[in-house]
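Participant: I'd like to ask some things about the structure below.
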Amino acid sequence: MMTETMTSMAAQIRMPYTLTPGEATGIFLAELGRRRLIGSRHGDRILVPAQDFDGSTGEPAGGFVELAPVGRLEAFTVTERGVLGLVLVDGADVPFLHRIVGFEEADLAIGARVAAVWADAPVGGVLDLAGFGPGGDGPGVPPRSAPEGLAQPFEQVEYTMTLDYQHSYGHYYGTLFDAVRTDRRLRGVKCSRCRRTLLPPRAICDVCFVPTAEWVDVEAVGVVQACSVVHIEFIGQRLKPPYVYAELVLDGTSTRLIHMVGGVDPAEARTAVAPGSRVRAVWSDRRTGSLADIDYFELIPGEPS
Ligand SMILES: [Zn+2]
């Protein structure tokens, strides 16, 4: 029985990568660990963080300068996870986007004087400068030319970009996933013109481009069209490679479903999971309301094509 339509699920994209900051920014990052703020000189302009090229004029860096780690808050935004601000460091020509920390909300104002707040222990990245907090009173301090003993630039910095978001199902996927979660039932829709059954269900037939009409139950049993053995590891994997991925067509449907085939030695997949092999779903104990509620499909013994 249908109880409700699932509307969305929490999802996350994670993207680990290696940043190669270049020489100037590499020096800037390395020097943060020594509690020095290094800018680059481009003609009569000074950029902080130091850059190899001035993004506005294209002028290459003609040298480095050390700036007093104080400045003025030019703009800010308050988020659930803290305050971000644009800080114009004294002597620099472009503002620096970073965390603003330690302010009482009432004191947060454009034009406020700020000073660097250094991390207790350097970790080797931009957060060696934890942010800018209240302070930095007094007249601006001019940049000091040609700082001595510059650190070797960081050549590579490891980052992971993480994006949390809510994935909206819409009516069709929501109805399917609700039936999966509550009744262990797969539901497709029939096209009103070609009468093909589509699973996952959708509003419009992808062949006729007309609205789909009636809901139908689909048994979690079908036939293998093709298979592949996954050997590489990637984020979000539920199984450790190697494992067998297959393109399946469930009985009565006209669409293909990609899922795992389990209970098979991946080394034997070429013959054991041959096209035409019959399979059925093995449901998980988890009830997440997604096709991951099927742990995998297993071969039906004695039912080759
Ligand atoms: Zn159709």
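In the structure tokens, each chain is lettered A, B, ... as it comes, each chain's residues begin at 1, and ligands are numbered from 1 in order of appearance.
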Between chain A and ligand 1, at 8 Å or less, what are the per-residue closest atom pairs and their distances in Å? Count only C-alpha atoms and all ligand atoms, order by chain and rising residue number, and return it as a Markdown table.
Facilitator:
| residue | atom | partner | partner_atom_place_in_ligand_line | distance |
| --- | --- | --- | --- | --- |
| A:Lys190 | CA | ligand 1 | 1 (Zn) | 7.8 |
| A:Cys191 | CA | ligand 1 | 1 (Zn) | 4.6 |
| A:Ser192 | CA | ligand 1 | 1 (Zn) | 6.5 |
| A:Arg193 | CA | ligand 1 | 1 (Zn) | 5.1 |
| A:Cys194 | CA | ligand 1 | 1 (Zn) | 4.1 |
| A:Arg195 | CA | ligand 1 | 1 (Zn) | 6.2 |
| A:Arg196 | CA | ligand 1 | 1 (Zn) | 6.1 |
| A:Ile204 | CA | ligand 1 | 1 (Zn) | 8.0 |
| A:Cys205 | CA | ligand 1 | 1 (Zn) | 4.6 |
| A:Asp206 | CA | ligand 1 | 1 (Zn) | 6.7 |
| A:Val207 | CA | ligand 1 | 1 (Zn) | 5.2 |
| A:Cys208 | CA | ligand 1 | 1 (Zn) | 4.2 |
| A:Phe209 | CA | ligand 1 | 1 (Zn) | 6.6 |
| A:Val210 | CA | ligand 1 | 1 (Zn) | 6.5 |
| A:Thr212 | CA | ligand 1 | 1 (Zn) | 7.4 |
Participant: Give me, as JSON lines, each residue of stretch 31-117 of chain A that comes within 6 Å of stretch 124-147 of chain A, together with its shortest interatomic pair and the distance in Å at one decimal, counting only C-alpha atoms, with rows ordered by chain and rising residue number.
Facilitator:
{"residue": "A:Leu32", "atom": "CA", "partner": "A:Asp128", "partner_atom": "CA", "distance": 5.7}
{"residue": "A:Gly33", "atom": "CA", "partner": "A:Asp128", "partner_atom": "CA", "distance": 5.6}
{"residue": "A:Phe64", "atom": "CA", "partner": "A:Ala146", "partner_atom": "CA", "distance": 5.8}
{"residue": "A:Val65", "atom": "CA", "partner": "A:Ser145", "partner_atom": "CA", "distance": 4.7}
{"residue": "A:Glu66", "atom": "CA", "partner": "A:Arg144", "partner_atom": "CA", "distance": 5.1}
{"residue": "A:Leu67", "atom": "CA", "partner": "A:Pro143", "partner_atom": "CA", "distance": 4.6}
{"residue": "A:Val70", "atom": "CA", "partner": "A:Gly136", "partner_atom": "CA", "distance": 5.0}
{"residue": "A:Asp90", "atom": "CA", "partner": "A:Gly140", "partner_atom": "CA", "distance": 5.5}
{"residue": "A:Gly91", "atom": "CA", "partner": "A:Pro142", "partner_atom": "CA", "distance": 5.7}
{"residue": "A:Arg99", "atom": "CA", "partner": "A:Gly131", "partner_atom": "CA", "distance": 4.6}
{"residue": "A:Ile100", "atom": "CA", "partner": "A:Phe132", "partner_atom": "CA", "distance": 4.9}
{"residue": "A:Val101", "atom": "CA", "partner": "A:Gly133", "partner_atom": "CA", "distance": 4.9}
{"residue": "A:Gly102", "atom": "CA", "partner": "A:Gly133", "partner_atom": "CA", "distance": 5.4}
{"residue": "A:Arg113", "atom": "CA", "partner": "A:Gly136", "partner_atom": "CA", "distance": 5.5}
{"residue": "A:Val114", "atom": "CA", "partner": "A:Pro134", "partner_atom": "CA", "distance": 4.7}
{"residue": "A:Ala115", "atom": "CA", "partner": "A:Gly136", "partner_atom": "CA", "distance": 4.8}
{"residue": "A:Ala116", "atom": "CA", "partner": "A:Phe132", "partner_atom": "CA", "distance": 4.5}
{"residue": "A:Val117", "atom": "CA", "partner": "A:Gly131", "partner_atom": "CA", "distance": 5.3}
Participant: Determine, counting only C-alpha atoms, which protein, DNA and RNA residues have an atom within 7 Å of an atom of stretch 267-282 of chain A; residues of the same chain fewer than 6 positions away are not included. Present the result as a ChimeraX atom specification.
Facilitator: /A:220-227,294-300,303-305
Participant: Take the residues from that selection and write them out as a short mmCIF file (atom, residue, chain, number, x, y, z; two decimals), in the first residue's frame, keeping N, CA and C atoms.
Facilitator:
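part-v2.cif was written with the following content:
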data_model
loop_
_atom_site.label_atom_id
_atom_site.label_comp_id
_atom_site.auth_asym_id
_atom_site.auth_seq_id
_atom_site.Cartn_x
_atom_site.Cartn_y
_atom_site.Cartn_z
N ALA A 220 10.93 -8.34 -9.52
CA ALA A 220 12.37 -8.08 -9.48
C ALA A 220 13.15 -9.27 -10.04
N VAL A 221 12.76 -9.66 -11.23
CA VAL A 221 13.34 -10.81 -11.92
C VAL A 221 13.58 -10.40 -13.36
N GLY A 222 14.70 -10.80 -13.92
CA GLY A 222 14.93 -10.39 -15.30
C GLY A 222 16.06 -11.15 -15.96
N VAL A 223 16.60 -10.52 -16.98
CA VAL A 223 17.59 -11.21 -17.81
C VAL A 223 18.78 -10.27 -18.03
N VAL A 224 19.97 -10.86 -18.05
CA VAL A 224 21.20 -10.09 -18.25
C VAL A 224 21.35 -9.75 -19.74
N GLN A 225 21.65 -8.49 -20.02
CA GLN A 225 21.96 -8.09 -21.40
C GLN A 225 23.46 -8.07 -21.64
N ALA A 226 24.18 -7.60 -20.63
CA ALA A 226 25.64 -7.48 -20.76
C ALA A 226 26.18 -7.34 -19.35
N CYS A 227 27.46 -7.65 -19.17
CA CYS A 227 28.04 -7.42 -17.86
C CYS A 227 29.47 -6.93 -17.98
N ILE A 294 18.23 -3.07 -3.00
CA ILE A 294 18.57 -4.38 -3.58
C ILE A 294 20.08 -4.52 -3.43
N ASP A 295 20.51 -5.51 -2.63
CA ASP A 295 21.96 -5.69 -2.44
C ASP A 295 22.62 -6.00 -3.77
N TYR A 296 22.01 -6.95 -4.47
CA TYR A 296 22.53 -7.34 -5.79
C TYR A 296 21.51 -8.25 -6.43
N PHE A 297 21.73 -8.62 -7.65
CA PHE A 297 20.92 -9.64 -8.31
C PHE A 297 21.71 -10.94 -8.31
N GLU A 298 21.03 -12.05 -8.11
CA GLU A 298 21.70 -13.35 -8.13
C GLU A 298 21.20 -14.16 -9.31
N LEU A 299 22.06 -15.04 -9.77
CA LEU A 299 21.67 -15.90 -10.88
C LEU A 299 20.61 -16.88 -10.40
N ILE A 300 19.61 -17.16 -11.24
CA ILE A 300 18.59 -18.15 -10.89
C ILE A 300 19.10 -19.50 -11.39
N GLU A 303 18.41 -21.75 -14.85
CA GLU A 303 17.62 -20.95 -15.79
C GLU A 303 18.52 -20.12 -16.70
N PRO A 304 19.36 -20.77 -17.47
CA PRO A 304 20.07 -20.01 -18.49
C PRO A 304 19.08 -19.62 -19.60
N SER A 305 19.56 -18.89 -20.55
CA SER A 305 18.64 -18.45 -21.60
C SER A 305 18.17 -19.64 -22.42
#
Participant: Assign secondary structure with DSSP using the backbone only, and return the residues of stretch 252-303 of chain A in strand (DSSP E or B) as number ranges by chain.
Facilitator: A: 257-262, 278-283, 294-299
Participant: Could the residues in this selection be saved with N, CA and C atoms as an mmCIF file, in the first residue's frame?
Facilitator:
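Dumped everything to part-v1.cif:
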data_model
loop_
_atom_site.group_PDB
_atom_site.id
_atom_site.type_symbol
_atom_site.label_atom_id
_atom_site.label_comp_id
_atom_site.auth_asym_id
_atom_site.auth_seq_id
_atom_site.Cartn_x
_atom_site.Cartn_y
_atom_site.Cartn_z
ATOM 1 N N LEU A 257 18.286 -1.682 -16.710
ATOM 2 C CA LEU A 257 18.602 -1.308 -15.340
ATOM 3 C C LEU A 257 20.037 -1.761 -15.095
ATOM 4 N N ILE A 258 20.833 -0.873 -14.531
ATOM 5 C CA ILE A 258 22.215 -1.235 -14.207
ATOM 6 C C ILE A 258 22.253 -1.613 -12.728
ATOM 7 N N HIS A 259 22.742 -2.782 -12.432
ATOM 8 C CA HIS A 259 22.860 -3.182 -11.029
ATOM 9 C C HIS A 259 23.982 -4.218 -10.903
ATOM 10 N N MET A 260 24.248 -4.611 -9.667
ATOM 11 C CA MET A 260 25.314 -5.576 -9.443
ATOM 12 C C MET A 260 24.789 -7.005 -9.513
ATOM 13 N N VAL A 261 25.628 -7.911 -9.961
ATOM 14 C CA VAL A 261 25.309 -9.331 -9.903
ATOM 15 C C VAL A 261 26.265 -9.944 -8.884
ATOM 16 N N GLY A 262 25.690 -10.531 -7.833
ATOM 17 C CA GLY A 262 26.510 -11.078 -6.755
ATOM 18 C C GLY A 262 26.486 -12.598 -6.742
ATOM 19 N N ARG A 278 19.375 -15.602 -16.382
ATOM 20 C CA ARG A 278 18.230 -15.133 -15.594
ATOM 21 C C ARG A 278 18.711 -14.738 -14.189
ATOM 22 N N VAL A 279 18.173 -13.643 -13.676
ATOM 23 C CA VAL A 279 18.583 -13.146 -12.351
ATOM 24 C C VAL A 279 17.360 -12.684 -11.559
ATOM 25 N N ARG A 280 17.532 -12.660 -10.235
ATOM 26 C CA ARG A 280 16.492 -12.109 -9.367
ATOM 27 C C ARG A 280 17.146 -11.280 -8.258
ATOM 28 N N ALA A 281 16.358 -10.344 -7.731
ATOM 29 C CA ALA A 281 16.886 -9.412 -6.727
ATOM 30 C C ALA A 281 17.094 -10.100 -5.388
ATOM 31 N N VAL A 282 18.174 -9.722 -4.710
ATOM 32 C CA VAL A 282 18.393 -10.100 -3.316
ATOM 33 C C VAL A 282 18.260 -8.814 -2.514
ATOM 34 N N TRP A 283 17.184 -8.729 -1.752
ATOM 35 C CA TRP A 283 16.910 -7.489 -1.029
ATOM 36 C C TRP A 283 17.782 -7.378 0.202
ATOM 37 N N ILE A 294 18.227 -3.066 -3.003
ATOM 38 C CA ILE A 294 18.571 -4.384 -3.578
ATOM 39 C C ILE A 294 20.077 -4.525 -3.425
ATOM 40 N N ASP A 295 20.508 -5.514 -2.630
ATOM 41 C CA ASP A 295 21.955 -5.694 -2.439
ATOM 42 C C ASP A 295 22.617 -6.001 -3.770
ATOM 43 N N TYR A 296 22.012 -6.950 -4.472
ATOM 44 C CA TYR A 296 22.528 -7.340 -5.789
ATOM 45 C C TYR A 296 21.508 -8.254 -6.430
ATOM 46 N N PHE A 297 21.725 -8.618 -7.654
ATOM 47 C CA PHE A 297 20.916 -9.644 -8.310
ATOM 48 C C PHE A 297 21.711 -10.941 -8.309
ATOM 49 N N GLU A 298 21.025 -12.053 -8.107
ATOM 50 C CA GLU A 298 21.704 -13.350 -8.132
ATOM 51 C C GLU A 298 21.196 -14.165 -9.313
ATOM 52 N N LEU A 299 22.062 -15.038 -9.772
ATOM 53 C CA LEU A 299 21.675 -15.904 -10.879
ATOM 54 C C LEU A 299 20.610 -16.876 -10.395
#
Participant: Compare A:Val229, A:Ala92, A:Leu73, A:Ile46 by their minimum atom-to-atom distance to A:Glu247, counting only C-alpha atoms, and give me the closest one.
Facilitator: A:Val229
Participant: Run DSSP on the backbone of this structure and report the residues of stretch 69-216 of chain A it assigns to helix (DSSP H, G or I), as a CSV table (one decimal) with C-alpha atoms, in the first residue's frame.
Facilitator:
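Dumped everything to states-v9.csv:
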chain,number,residue,atom,x,y,z
A,105,GLU,CA,27.9,40.2,15.5
A,106,ALA,CA,27.2,43.8,16.6
A,107,ASP,CA,30.9,44.7,15.8
A,126,VAL,CA,45.5,28.2,3.6
A,127,LEU,CA,44.1,27.5,7.1
A,128,ASP,CA,47.5,28.1,8.7
A,170,GLY,CA,9.9,14.2,-8.2
A,171,HIS,CA,6.7,12.3,-8.3
A,172,TYR,CA,7.8,9.3,-10.4
A,173,TYR,CA,11.1,8.3,-8.7
A,174,GLY,CA,9.4,9.2,-5.3
A,175,THR,CA,6.6,6.8,-5.9
A,176,LEU,CA,9.0,4.0,-7.0
A,177,PHE,CA,11.4,4.5,-4.0
A,178,ASP,CA,8.5,4.7,-1.6
A,179,ALA,CA,7.2,1.3,-2.8
A,180,VAL,CA,10.7,-0.1,-2.7
A,181,ARG,CA,11.2,1.0,0.9
A,182,THR,CA,7.8,0.1,2.3
A,183,ASP,CA,6.7,-2.9,0.3
Participant: Point out the residue among A:Leu47, A:Ala75, A:Ile235, A:Leu248 with the least atom-to-atom distance to A:Thr160, counting only C-alpha atoms.
Facilitator: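 The shortest atom-to-atom distance to A:Thr160 comes from A:Ile235.
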Participant: Please report the interatomic distance between atom CA of A:Thr197 and atom CA of A:Val216 in Å with one decimal.
Facilitator: 7.8 Å
Participant: To one decimal in Å, tell me the separation between atom CA of A:Val89 and atom CA of A:Gln156.
Facilitator: 25.6 Å
Participant: Of the candidates A:Ala109, A:Ala61, A:Leu198, A:Val123, which one gets nearest to A:Pro211 if we count only C-alpha atoms?
Facilitator: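 Residue with the minimum atom-to-atom distance to A:Pro211: A:Leu198.
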